[in-house]
file data.cif (mmCIF, C-alpha atoms)
data_upload
loop_
_atom_site.label_atom_id
_atom_site.label_comp_id
_atom_site.auth_asym_id
_atom_site.auth_seq_id
_atom_site.Cartn_x
_atom_site.Cartn_y
_atom_site.Cartn_z
CA MET A 1 104.84 -3.98 61.91
CA ASN A 2 107.32 -3.67 59.02
CA SER A 3 106.44 -4.59 55.45
CA LYS A 4 108.30 -7.91 55.59
CA VAL A 5 106.28 -9.17 58.55
CA LYS A 6 103.03 -8.03 56.92
CA LYS A 7 103.83 -9.99 53.77
CA THR A 8 104.56 -13.14 55.84
CA VAL A 9 101.26 -12.90 57.77
CA LEU A 10 99.30 -12.24 54.57
CA SER A 11 100.93 -15.24 52.90
CA HIS A 12 99.97 -17.57 55.82
CA MET A 13 96.37 -16.30 55.79
CA THR A 14 96.10 -16.91 52.06
CA LEU A 15 97.43 -20.47 52.43
CA GLY A 16 95.01 -21.27 55.28
CA LEU A 17 92.03 -19.95 53.34
CA GLY A 18 93.02 -22.03 50.31
CA LEU A 19 93.32 -25.23 52.36
CA THR A 20 89.90 -24.60 53.96
CA LEU A 21 88.21 -24.16 50.58
CA MET A 22 89.90 -27.30 49.23
CA PHE A 23 88.74 -29.55 52.13
CA THR A 24 85.22 -28.09 51.97
CA ALA A 25 85.00 -28.88 48.27
CA GLN A 26 86.22 -32.44 48.86
CA ALA A 27 83.66 -33.01 51.64
CA GLN A 28 80.85 -31.94 49.34
CA THR A 29 81.97 -34.19 46.47
CA PRO A 30 79.81 -37.42 46.31
CA ILE A 31 81.69 -40.63 47.05
CA HIS A 32 79.98 -42.35 44.09
CA GLN A 33 81.32 -40.84 40.93
CA GLY A 34 79.33 -43.01 38.51
CA SER A 35 77.15 -41.40 35.90
CA VAL A 36 73.52 -40.81 36.89
CA SER A 37 72.49 -42.19 33.49
CA ASP A 38 73.90 -45.61 34.52
CA ARG A 39 71.41 -46.04 37.38
CA LEU A 40 67.96 -47.68 36.97
CA THR A 41 64.91 -45.91 38.27
CA PRO A 42 62.13 -48.04 39.85
CA ALA A 43 59.99 -47.46 36.77
CA GLN A 44 62.69 -49.09 34.60
CA LEU A 45 62.63 -52.38 36.51
CA SER A 46 60.92 -55.25 34.70
CA PRO A 47 60.79 -59.07 34.95
CA PRO A 48 63.43 -60.99 32.97
CA THR A 49 62.06 -62.50 29.78
CA ASP A 50 64.00 -65.76 30.15
CA SER A 51 63.26 -67.20 33.58
CA SER A 52 62.22 -70.39 35.37
CA PHE A 53 60.00 -68.39 37.75
CA ASP A 54 56.71 -66.54 37.61
CA TRP A 55 57.08 -62.81 38.23
CA VAL A 56 54.78 -60.13 39.60
CA GLN A 57 55.46 -56.41 39.69
CA LEU A 58 53.25 -54.11 41.76
CA THR A 59 52.12 -50.60 40.88
CA SER A 60 54.71 -49.46 43.47
CA PHE A 61 57.34 -51.08 41.14
CA GLU A 62 58.22 -53.76 43.71
CA LEU A 63 59.27 -56.95 41.92
CA LEU A 64 58.79 -60.52 43.21
CA LYS A 65 59.63 -63.93 41.81
CA GLY A 66 57.86 -67.16 42.72
CA LYS A 67 54.78 -69.01 41.51
CA ILE A 68 51.28 -67.90 40.51
CA LYS A 69 48.69 -69.93 42.45
CA THR A 70 45.19 -68.53 41.82
CA LEU A 71 43.15 -65.41 41.26
CA TYR A 72 39.69 -65.35 42.89
CA ASP A 73 37.54 -62.44 44.00
CA ASP A 74 40.11 -59.96 42.62
CA LYS A 75 42.84 -61.29 44.90
CA LEU A 76 45.99 -62.86 43.45
CA GLU A 77 47.55 -65.70 45.45
CA PHE A 78 51.30 -65.71 44.79
CA LYS A 79 53.92 -67.93 46.45
CA SER A 80 57.15 -65.99 46.82
CA ASP A 81 60.46 -67.77 47.42
CA GLU A 82 61.29 -65.44 50.31
CA LEU A 83 57.88 -64.25 51.58
CA ASP A 84 55.94 -67.55 51.29
CA THR A 85 52.29 -67.29 50.17
CA ILE A 86 50.97 -63.75 49.88
CA PHE A 87 47.69 -62.29 48.63
CA ILE A 88 47.78 -59.22 46.38
CA ASP A 89 44.87 -57.03 45.31
CA TRP A 90 44.40 -57.46 41.57
CA GLU A 91 44.32 -53.69 41.09
CA ASP A 92 47.84 -53.45 42.60
CA VAL A 93 49.37 -55.74 39.96
CA LYS A 94 51.27 -53.83 37.26
CA VAL A 95 53.04 -56.70 35.48
CA LEU A 96 52.39 -60.44 35.77
CA GLN A 97 54.38 -63.04 33.87
CA SER A 98 54.19 -66.84 33.96
CA HIS A 99 56.85 -69.32 32.92
CA ASP A 100 54.32 -72.15 32.63
CA LEU A 101 50.70 -72.69 31.60
CA ILE A 102 47.96 -70.65 33.32
CA SER A 103 44.21 -71.23 32.92
CA VAL A 104 42.39 -67.90 32.60
CA GLY A 105 38.66 -67.53 33.20
CA PHE A 106 36.79 -64.52 31.79
CA THR A 107 33.62 -62.72 32.83
CA ASP A 108 31.75 -64.23 29.87
CA LEU A 109 32.54 -67.63 31.49
CA SER A 110 34.91 -68.66 28.70
CA THR A 111 38.39 -70.01 29.48
CA LYS A 112 41.79 -70.09 27.80
CA THR A 113 45.06 -71.79 28.78
CA GLY A 114 48.59 -70.71 27.85
CA LEU A 115 51.61 -68.62 28.83
CA LEU A 116 50.39 -65.46 30.55
CA ARG A 117 51.74 -61.93 30.50
CA LEU A 118 49.97 -58.86 31.86
CA GLN A 119 51.42 -55.49 30.87
CA HIS A 120 50.18 -51.99 30.03
CA GLY A 121 46.63 -52.89 31.06
CA LYS A 122 46.43 -55.78 28.60
CA VAL A 123 46.54 -59.55 29.12
CA TYR A 124 48.39 -61.72 26.62
CA ILE A 125 47.88 -65.51 26.46
CA ASP A 126 50.34 -67.13 24.08
CA GLY A 127 50.64 -63.70 22.46
CA GLU A 128 46.88 -63.24 21.94
CA GLU A 129 45.61 -59.98 23.44
CA PHE A 130 42.68 -59.75 25.90
CA ASP A 131 41.08 -57.01 27.97
CA ARG A 132 42.35 -57.11 31.57
CA SER A 133 38.98 -56.04 32.99
CA LYS A 134 37.42 -59.23 31.55
CA VAL A 135 39.71 -61.54 33.58
CA MET A 136 37.85 -63.17 36.49
CA THR A 137 40.01 -66.11 37.60
CA LEU A 138 43.50 -67.58 37.22
CA ILE A 139 44.48 -71.16 38.00
CA ALA A 140 48.05 -72.44 37.75
CA GLY A 141 48.42 -75.19 35.16
CA LYS A 142 45.74 -76.79 33.04
CA GLN A 143 42.17 -76.99 34.28
CA THR A 144 42.55 -80.23 36.23
CA GLU A 145 40.35 -81.41 39.08
CA SER A 146 43.06 -81.05 41.74
CA ASN A 147 43.40 -77.33 40.98
CA TYR A 148 39.73 -76.69 41.72
CA TRP A 149 39.53 -77.97 45.30
CA SER A 150 40.36 -76.46 48.70
CA SER A 151 39.32 -77.61 52.16
CA LYS A 152 39.68 -76.88 55.86
CA ILE A 153 38.92 -78.73 59.08
CA SER A 154 38.77 -77.23 62.58
CA LEU A 155 38.71 -79.47 65.67
CA GLY A 156 38.08 -78.71 69.34
CA ALA A 157 38.02 -80.95 72.43
CA ASN A 158 37.59 -80.69 76.19
CA LEU A 159 38.26 -83.77 78.35
CA ARG A 160 37.62 -83.71 82.10
CA SER A 161 38.07 -86.37 84.77
CA GLY A 162 38.05 -86.52 88.56
CA ASN A 163 35.14 -84.83 90.31
CA THR A 164 33.61 -84.12 86.91
CA GLU A 165 33.62 -86.76 84.19
CA GLN A 166 32.93 -84.97 80.93
CA VAL A 167 33.94 -85.25 77.28
CA ASP A 168 33.30 -82.48 74.72
CA PHE A 169 34.09 -82.63 71.01
CA SER A 170 33.39 -80.19 68.20
CA ALA A 171 34.26 -80.17 64.51
CA ILE A 172 33.81 -77.70 61.66
CA ALA A 173 34.80 -78.80 58.16
CA ASN A 174 34.52 -77.28 54.70
CA ALA A 175 35.30 -78.48 51.19
CA HIS A 176 35.08 -76.04 48.30
CA ARG A 177 35.34 -76.55 44.54
CA ARG A 178 35.59 -73.44 42.37
CA THR A 179 35.88 -73.12 38.59
CA THR A 180 35.25 -70.24 36.22
CA GLU A 181 31.64 -71.29 35.64
CA SER A 182 30.57 -72.86 38.94
CA ARG A 183 31.22 -73.55 42.60
CA PHE A 184 30.38 -76.42 44.93
CA ASN A 185 30.42 -76.11 48.72
CA LEU A 186 30.15 -78.72 51.46
CA ASP A 187 29.96 -77.74 55.17
CA TYR A 188 29.83 -79.86 58.31
CA LEU A 189 29.24 -78.73 61.89
CA GLY A 190 29.11 -81.27 64.71
CA ASN A 191 29.07 -81.18 68.52
CA TYR A 192 29.13 -83.99 71.05
CA SER A 193 29.16 -83.80 74.84
CA LYS A 194 28.87 -86.56 77.42
CA SER A 195 28.76 -85.97 81.18
CA LYS A 196 28.56 -88.74 83.79
CA GLY A 197 27.70 -91.25 81.08
CA GLU A 198 24.81 -89.25 79.67
CA ASN A 199 24.64 -87.31 76.40
CA ASN A 200 23.65 -83.66 76.79
CA ILE A 201 24.80 -82.46 73.35
CA ASN A 202 24.73 -84.51 70.15
CA ASN A 203 23.97 -82.57 66.98
CA HIS A 204 25.29 -82.73 63.43
CA ARG A 205 24.55 -80.50 60.45
CA LEU A 206 25.67 -81.19 56.86
CA ASN A 207 25.02 -78.62 54.12
CA ALA A 208 25.81 -78.77 50.42
CA TYR A 209 25.02 -76.59 47.43
CA PHE A 210 26.01 -76.15 43.81
CA ASP A 211 26.02 -72.75 42.03
CA TRP A 212 26.19 -72.12 38.30
CA TYR A 213 27.18 -68.55 37.38
CA LEU A 214 25.01 -66.81 34.81
CA SER A 215 27.13 -63.65 35.08
CA LYS A 216 29.95 -62.43 37.31
CA GLN A 217 27.56 -61.84 40.24
CA PHE A 218 24.25 -63.57 39.41
CA TYR A 219 24.03 -67.36 39.78
CA LEU A 220 21.58 -70.23 39.66
CA ARG A 221 21.55 -72.70 42.54
CA PRO A 222 20.01 -75.80 40.88
CA VAL A 223 20.31 -77.83 44.07
CA PHE A 224 20.97 -77.35 47.77
CA ALA A 225 20.56 -79.89 50.56
CA GLU A 226 20.81 -80.18 54.33
CA ILE A 227 20.89 -83.14 56.72
CA TYR A 228 20.36 -82.26 60.40
CA LEU A 229 20.43 -84.63 63.39
CA ASP A 230 19.72 -83.61 66.98
CA PRO A 231 18.12 -86.30 69.20
CA ILE A 232 18.32 -83.95 72.21
CA LYS A 233 15.81 -81.71 70.38
CA ASN A 234 13.74 -84.78 69.39
CA ILE A 235 15.00 -84.71 65.80
CA GLN A 236 16.27 -88.11 64.72
CA TYR A 237 16.99 -86.57 61.33
CA GLN A 238 15.66 -83.78 59.11
CA ASN A 239 16.38 -83.69 55.37
CA THR A 240 15.87 -80.62 53.19
CA LEU A 241 16.23 -80.44 49.40
CA GLY A 242 15.61 -77.39 47.21
CA PHE A 243 16.78 -74.99 44.50
CA GLY A 244 17.08 -71.22 44.18
CA LEU A 245 18.73 -68.10 42.78
CA GLY A 246 21.55 -66.03 44.22
CA TYR A 247 23.40 -62.76 43.86
CA ASP A 248 26.79 -61.50 45.09
CA ILE A 249 25.95 -58.09 46.57
CA ILE A 250 29.57 -57.32 47.45
CA ASP A 251 32.48 -58.89 45.62
CA THR A 252 35.76 -57.11 46.43
CA PRO A 253 39.31 -58.31 47.13
CA LYS A 254 38.65 -58.20 50.90
CA SER A 255 34.90 -58.75 51.31
CA ASN A 256 32.12 -60.88 49.88
CA TRP A 257 28.40 -60.79 50.63
CA SER A 258 25.93 -63.09 48.87
CA VAL A 259 22.20 -63.75 49.24
CA THR A 260 20.36 -66.88 48.02
CA GLY A 261 16.78 -68.05 48.28
CA GLY A 262 14.36 -70.62 46.92
CA PRO A 263 11.70 -73.26 47.61
CA ALA A 264 12.48 -76.60 49.24
CA TYR A 265 10.99 -79.87 50.39
CA THR A 266 11.70 -81.02 53.95
CA PHE A 267 11.18 -84.37 55.66
CA ILE A 268 11.58 -84.79 59.42
CA LYS A 269 11.60 -87.93 61.57
CA PHE A 270 11.26 -87.43 65.33
CA ASP A 271 13.36 -89.35 67.82
CA ASN A 272 10.37 -90.34 69.97
CA VAL A 273 6.75 -89.21 70.14
CA ALA A 274 3.58 -89.87 72.11
CA VAL A 275 1.48 -92.89 71.17
CA ASP A 276 -1.09 -90.91 69.19
CA GLU A 277 1.43 -88.67 67.43
CA SER A 278 2.96 -89.21 63.99
CA GLU A 279 6.68 -89.98 64.11
CA ASP A 280 7.46 -88.12 60.89
CA ASP A 281 6.28 -85.21 58.74
CA ALA A 282 6.89 -83.78 55.27
CA SER A 283 6.15 -80.31 53.89
CA THR A 284 7.27 -77.60 51.51
CA ALA A 285 9.39 -74.77 52.82
CA LEU A 286 11.09 -71.52 51.83
CA VAL A 287 14.82 -71.24 52.50
CA VAL A 288 16.80 -67.98 52.43
CA ASP A 289 20.44 -67.64 53.42
CA THR A 290 23.06 -64.93 53.38
CA ALA A 291 26.81 -65.23 53.88
CA PHE A 292 29.31 -62.46 54.55
CA ASP A 293 33.07 -62.69 54.98
CA THR A 294 35.74 -60.02 55.15
CA GLU A 295 39.45 -59.70 55.77
CA ILE A 296 39.96 -57.57 58.89
CA SER A 297 43.75 -57.73 58.62
CA GLU A 298 46.36 -59.88 56.91
CA ASP A 299 46.03 -62.49 59.67
CA ILE A 300 42.39 -62.20 60.79
CA ASP A 301 39.24 -63.07 58.80
CA PHE A 302 35.64 -62.60 59.92
CA ASN A 303 32.77 -64.66 58.48
CA THR A 304 29.04 -64.97 59.12
CA LEU A 305 26.22 -67.19 57.88
CA TYR A 306 22.49 -66.79 58.47
CA ARG A 307 20.05 -69.36 57.10
CA VAL A 308 16.30 -69.11 57.74
CA GLN A 309 13.66 -71.70 56.84
CA TYR A 310 9.88 -71.27 56.85
CA GLY A 311 7.90 -74.53 57.07
CA ASN A 312 4.78 -75.90 58.74
CA GLU A 313 4.47 -76.13 62.53
CA LYS A 314 5.24 -79.84 62.62
CA SER A 315 8.65 -79.23 61.01
CA GLY A 316 9.41 -76.40 63.44
CA GLY A 317 7.70 -73.46 61.77
CA TYR A 318 10.27 -70.68 61.56
CA THR A 319 13.81 -71.97 62.15
CA HIS A 320 17.20 -70.41 61.67
CA HIS A 321 20.87 -71.33 61.86
CA ALA A 322 23.33 -68.49 62.47
CA LEU A 323 27.11 -68.62 62.70
CA ALA A 324 29.70 -65.89 63.25
CA GLY A 325 33.40 -66.54 63.60
CA PHE A 326 36.95 -65.29 63.50
CA SER A 327 39.80 -67.17 61.86
CA ILE A 328 43.24 -66.11 63.10
CA GLU A 329 46.16 -67.25 60.96
CA LEU A 330 48.97 -68.80 62.99
CA THR A 331 50.99 -70.17 60.05
CA ASP A 332 50.34 -70.74 56.34
CA ILE A 333 48.51 -73.97 57.25
CA PHE A 334 47.26 -73.64 60.85
CA ASP A 335 44.57 -71.28 62.17
CA LEU A 336 42.88 -70.53 65.48
CA ASP A 337 39.09 -70.55 64.90
CA LEU A 338 36.54 -68.91 67.21
CA SER A 339 32.86 -69.52 66.34
CA LEU A 340 29.53 -68.57 67.88
CA VAL A 341 26.51 -70.63 66.75
CA TRP A 342 22.84 -69.86 67.40
CA ASP A 343 20.11 -72.33 66.39
CA HIS A 344 16.45 -71.40 66.85
CA THR A 345 13.27 -73.48 66.36
CA ASN A 346 10.05 -71.54 66.80
CA LYS A 347 7.83 -74.65 67.21
CA PRO A 348 9.86 -77.47 68.78
CA GLN A 349 8.06 -80.82 69.07
CA ALA A 350 7.57 -82.52 72.44
CA ASP A 351 8.93 -86.04 73.00
CA ALA A 352 7.02 -89.10 74.28
CA ASN A 353 7.20 -87.77 77.85
CA GLY A 354 5.72 -84.43 76.86
CA THR A 355 9.03 -82.64 77.38
CA LEU A 356 9.33 -79.61 75.11
CA PRO A 357 12.88 -78.80 73.93
CA ASP A 358 14.17 -75.26 74.31
CA LYS A 359 13.69 -73.01 71.32
CA ASN A 360 17.28 -71.74 71.32
CA ASP A 361 20.65 -73.45 71.38
CA TYR A 362 23.88 -71.45 71.73
CA GLN A 363 27.41 -72.75 71.23
CA PHE A 364 30.83 -71.13 71.47
CA ILE A 365 33.44 -73.23 69.70
CA ILE A 366 37.22 -72.86 69.96
CA GLY A 367 38.98 -74.92 67.34
CA PHE A 368 42.38 -75.53 65.79
CA GLY A 369 42.06 -75.27 62.02
CA ILE A 370 44.10 -76.95 59.28
CA ASP A 371 44.01 -75.74 55.66
CA ILE A 372 44.29 -78.61 53.19
#
call {"tool": "encode", "arguments": {"input": "data.cif", "output": "structure tokens"}}
result
Amino acid sequence: MNSKVKKTVLSHMTLGLGLTLMFTAQAQTPIHQGSVSDRLTPAQLSPPTDSSFDWVQLTSFELLKGKIKTLYDDKLEFKSDELDTIFIDWEDVKVLQSHDLISVGFTDLSTKTGLLRLQHGKVYIDGEEFDRSKVMTLIAGKQTESNYWSSKISLGANLRSGNTEQVDFSAIANAHRRTTESRFNLDYLGNYSKSKGENNINNHRLNAYFDWYLSKQFYLRPVFAEIYLDPIKNIQYQNTLGFGLGYDIIDTPKSNWSVTGGPAYTFIKFDNVAVDESEDDASTALVVDTAFDTEISEDIDFNTLYRVQYGNEKSGGYTHHALAGFSIELTDIFDLDLSLVWDHTNKPQADANGTLPDKNDYQFIIGFGIDI
């Protein structure tokens, strides 16, 4: 190969190598040529100061706009424009900002209303600084009666005709009023069943209590009451009235366990009795109850109630009412409720025919719940 040919080959090799290096460099050059200093990091995101929305920022720096609803049991209820109503653990809230008045309840049972901003571990209400750890509740708006109440009703029915004529109804209802200092609870449980024109189930139980908090977990129950009707068990009606003390053993964003106990007075009137038997009775009693509820997942809640009463033999002696149930969220308003109920009376009273009711009653209730 002469020197001229060598120079030509070498020139082509040099050109090819140069083109390869140029394309490689272009492929490695980022498409976005903007300065890194112009980009915001997640930690630099913050709610706008001038806004017609409430804002919440999580410790993960996620930012949501919407409306603050409530804070109870260390769980913030926040209605997002895009995600609807969500519940956020209080410990996961990094920044919280309201555009309207918020009523704040503190662990010392005092309250304050104003524009709210939480930032850097401090709570500011109209610019006044407070310790975040002292915040117990939040309620949107001023402390008005409508902001205190919540309720739910769950209904179930089974109608049969043809070879079997039977009608079954069940209802579970709850109304709850909660403020910084107190709570009021009203529960109703009723069952009715009629087969071939004859009642085989007809019981109704109404419970109410009022609690006044002495501290974040310790409370006084100045009054509790129960009305119970069950003619099938020879109880025309039984009224119980008492008072007691209570304590929240567990109080976390997902679980709550409370125990309450105290003395009571009970009056019972029997549906029918033998000629020589008294048709009513009154006595003192001891009532102890415990309630536990927990959030299994975002859509499933589990709750239990166990109430035991010790009275004289005429009033049933040792009796208890136990309930365990699952509430499965279908939508923001509608739930599927599954409940198992066990009622026990250690000393049931015979009717006029000498028939002794069974000591135990079991019920499995499937209901369609509506949150109000």
call {"tool": "resolve_selection", "arguments": {"input": "data.cif", "expression": "the PyMOL selection byres ((chain A and resi 189-197) around 12)", "output": "MDAnalysis selection string"}}
result
chainID A and resid 153:174 186:188 198:208 226:232 321:323 339:341 361:367
call {"tool": "write_last_selection", "arguments": {"input": "data.cif", "atoms": "C-alpha atoms", "output": "compact mmCIF listing (two decimals), in the frame of the given file"}}
result
# COMPACT_ATOMS: atom_id res chain seq x y z
CA ILE A 153 38.92 -78.73 59.08
CA SER A 154 38.77 -77.23 62.58
CA LEU A 155 38.71 -79.47 65.67
CA GLY A 156 38.08 -78.71 69.34
CA ALA A 157 38.02 -80.95 72.43
CA ASN A 158 37.59 -80.69 76.19
CA LEU A 159 38.26 -83.77 78.35
CA ARG A 160 37.62 -83.71 82.10
CA SER A 161 38.07 -86.37 84.77
CA GLY A 162 38.05 -86.52 88.56
CA ASN A 163 35.14 -84.83 90.31
CA THR A 164 33.61 -84.12 86.91
CA GLU A 165 33.62 -86.76 84.19
CA GLN A 166 32.93 -84.97 80.93
CA VAL A 167 33.94 -85.25 77.28
CA ASP A 168 33.30 -82.48 74.72
CA PHE A 169 34.09 -82.63 71.01
CA SER A 170 33.39 -80.19 68.20
CA ALA A 171 34.26 -80.17 64.51
CA ILE A 172 33.81 -77.70 61.66
CA ALA A 173 34.80 -78.80 58.16
CA ASN A 174 34.52 -77.28 54.70
CA LEU A 186 30.15 -78.72 51.46
CA ASP A 187 29.96 -77.74 55.17
CA TYR A 188 29.83 -79.86 58.31
CA GLU A 198 24.81 -89.25 79.67
CA ASN A 199 24.64 -87.31 76.40
CA ASN A 200 23.65 -83.66 76.79
CA ILE A 201 24.80 -82.46 73.35
CA ASN A 202 24.73 -84.51 70.15
CA ASN A 203 23.97 -82.57 66.98
CA HIS A 204 25.29 -82.73 63.43
CA ARG A 205 24.55 -80.50 60.45
CA LEU A 206 25.67 -81.19 56.86
CA ASN A 207 25.02 -78.62 54.12
CA ALA A 208 25.81 -78.77 50.42
CA GLU A 226 20.81 -80.18 54.33
CA ILE A 227 20.89 -83.14 56.72
CA TYR A 228 20.36 -82.26 60.40
CA LEU A 229 20.43 -84.63 63.39
CA ASP A 230 19.72 -83.61 66.98
CA PRO A 231 18.12 -86.30 69.20
CA ILE A 232 18.32 -83.95 72.21
CA HIS A 321 20.87 -71.33 61.86
CA ALA A 322 23.33 -68.49 62.47
CA LEU A 323 27.11 -68.62 62.70
CA SER A 339 32.86 -69.52 66.34
CA LEU A 340 29.53 -68.57 67.88
CA VAL A 341 26.51 -70.63 66.75
CA ASP A 361 20.65 -73.45 71.38
CA TYR A 362 23.88 -71.45 71.73
CA GLN A 363 27.41 -72.75 71.23
CA PHE A 364 30.83 -71.13 71.47
CA ILE A 365 33.44 -73.23 69.70
CA ILE A 366 37.22 -72.86 69.96
CA GLY A 367 38.98 -74.92 67.34
call {"tool": "closest_residue", "arguments": {"input": "data.cif", "among": "A:Gly242, A:Pro222, A:Gly325, A:Pro348", "to": "Asp301 in chain A", "atoms": "only C-alpha atoms"}}
result
A:Gly325
call {"tool": "resolve_selection", "arguments": {"input": "data.cif", "expression": "the PyMOL selection byres ((chain A and resi 234-239) around 9)", "output": "ChimeraX atom specification"}}
result
/A:225-233,240-241,265-273,315,348-351,356-357
call {"tool": "closest_residue", "arguments": {"input": "data.cif", "among": "A:Ser151, A:Glu295, A:Phe218, A:Thr107", "to": "Asn185 in chain A", "atoms": "only C-alpha atoms"}}
result
A:Ser151
call {"tool": "atom_distance", "arguments": {"input": "data.cif", "atom1": "CA of Asp73 in chain A", "atom2": "CA of Thr85 in chain A"}}
result
16.7 Å
call {"tool": "atom_distance", "arguments": {"input": "data.cif", "atom1": "CA of Gln119 in chain A", "atom2": "CA of Phe87 in chain A"}}
result
19.4 Å
call {"tool": "atom_distance", "arguments": {"input": "data.cif", "atom1": "CA of Tyr72 in chain A", "atom2": "CA of Ile296 in chain A"}}
result
17.8 Å
call {"tool": "resolve_selection", "arguments": {"input": "data.cif", "expression": "the PyMOL selection byres ((chain A and resi 102-105) around 8)", "output": "number ranges by chain"}}
result
A: 98, 100-101, 106-107, 109-116, 135-143, 180
call {"tool": "closest_residue", "arguments": {"input": "data.cif", "among": "A:Ile88, A:Leu220, A:Val93, A:Glu279", "to": "Glu298 in chain A", "atoms": "all atoms listed in the file"}}
result
A:Ile88
call {"tool": "residues_near_point", "arguments": {"input": "data.cif", "point": "(54.4, -73.9, 56.3)", "cutoff": "12 Å", "atoms": "all atoms listed in the file", "output": "list of chain:residue names"}}
result
A:Lys79, A:Leu83, A:Asp84, A:Thr85, A:Glu329, A:Leu330, A:Thr331, A:Asp332, A:Ile333, A:Phe334, A:Asp335, A:Ile370, A:Asp371, A:Ile372
call {"tool": "residues_around", "arguments": {"input": "data.cif", "residues": "Phe78 in chain A", "least_positions_apart": "3", "cutoff": "10 Å", "atoms": "all atoms listed in the file", "output": "list in words"}}
result
Asp54, Trp55, Val56, Leu64, Lys65, Gly66, Lys67, Ile68, Lys69, Thr70, Leu71, Lys75, Asp81, Leu83, Asp84, Thr85, Ile86, Phe87 and Ile88 of chain A
call {"tool": "axis_aligned_box", "arguments": {"input": "data.cif", "around": "range 119-127 of chain A", "padding_each_side": "8 Å", "output": "JSON"}}
result
{"center_x": 48.9, "center_y": -59.6, "center_z": 26.8, "size_x": 21.0, "size_y": 31.1, "size_z": 24.6}
call {"tool": "residues_around", "arguments": {"input": "data.cif", "residues": "Tyr209 in chain A", "least_positions_apart": "5", "cutoff": "6 Å", "atoms": "all atoms listed in the file", "output": "PDB file with C-alpha atoms, in the frame of the given file"}}
result
ATOM      1  CA  PHE A 184      30.380 -76.420  44.930  1.00  0.00           C
ATOM      2  CA  ASN A 185      30.420 -76.110  48.720  1.00  0.00           C
ATOM      3  CA  VAL A 223      20.310 -77.830  44.070  1.00  0.00           C
ATOM      4  CA  PHE A 224      20.970 -77.350  47.770  1.00  0.00           C
TER       5      PHE A 224
END
call {"tool": "residues_near_point", "arguments": {"input": "data.cif", "point": "(14.2, -69.0, 47.1)", "cutoff": "7 Å", "atoms": "all atoms listed in the file", "output": "list of chain:residue names"}}
result
A:Gly244, A:Leu245, A:Thr260, A:Gly261, A:Gly262, A:Pro263, A:Leu286, A:Val287, A:Val288
call {"tool": "write_last_selection", "arguments": {"input": "data.cif", "atoms": "C-alpha atoms", "output": "PDB file, in the coordinates of the input"}}
result
ATOM      1  CA  GLY A 244      17.080 -71.220  44.180  1.00  0.00           C
ATOM      2  CA  LEU A 245      18.730 -68.100  42.780  1.00  0.00           C
ATOM      3  CA  THR A 260      20.360 -66.880  48.020  1.00  0.00           C
ATOM      4  CA  GLY A 261      16.780 -68.050  48.280  1.00  0.00           C
ATOM      5  CA  GLY A 262      14.360 -70.620  46.920  1.00  0.00           C
ATOM      6  CA  PRO A 263      11.700 -73.260  47.610  1.00  0.00           C
ATOM      7  CA  LEU A 286      11.090 -71.520  51.830  1.00  0.00           C
ATOM      8  CA  VAL A 287      14.820 -71.240  52.500  1.00  0.00           C
ATOM      9  CA  VAL A 288      16.800 -67.980  52.430  1.00  0.00           C
TER      10      VAL A 288
END
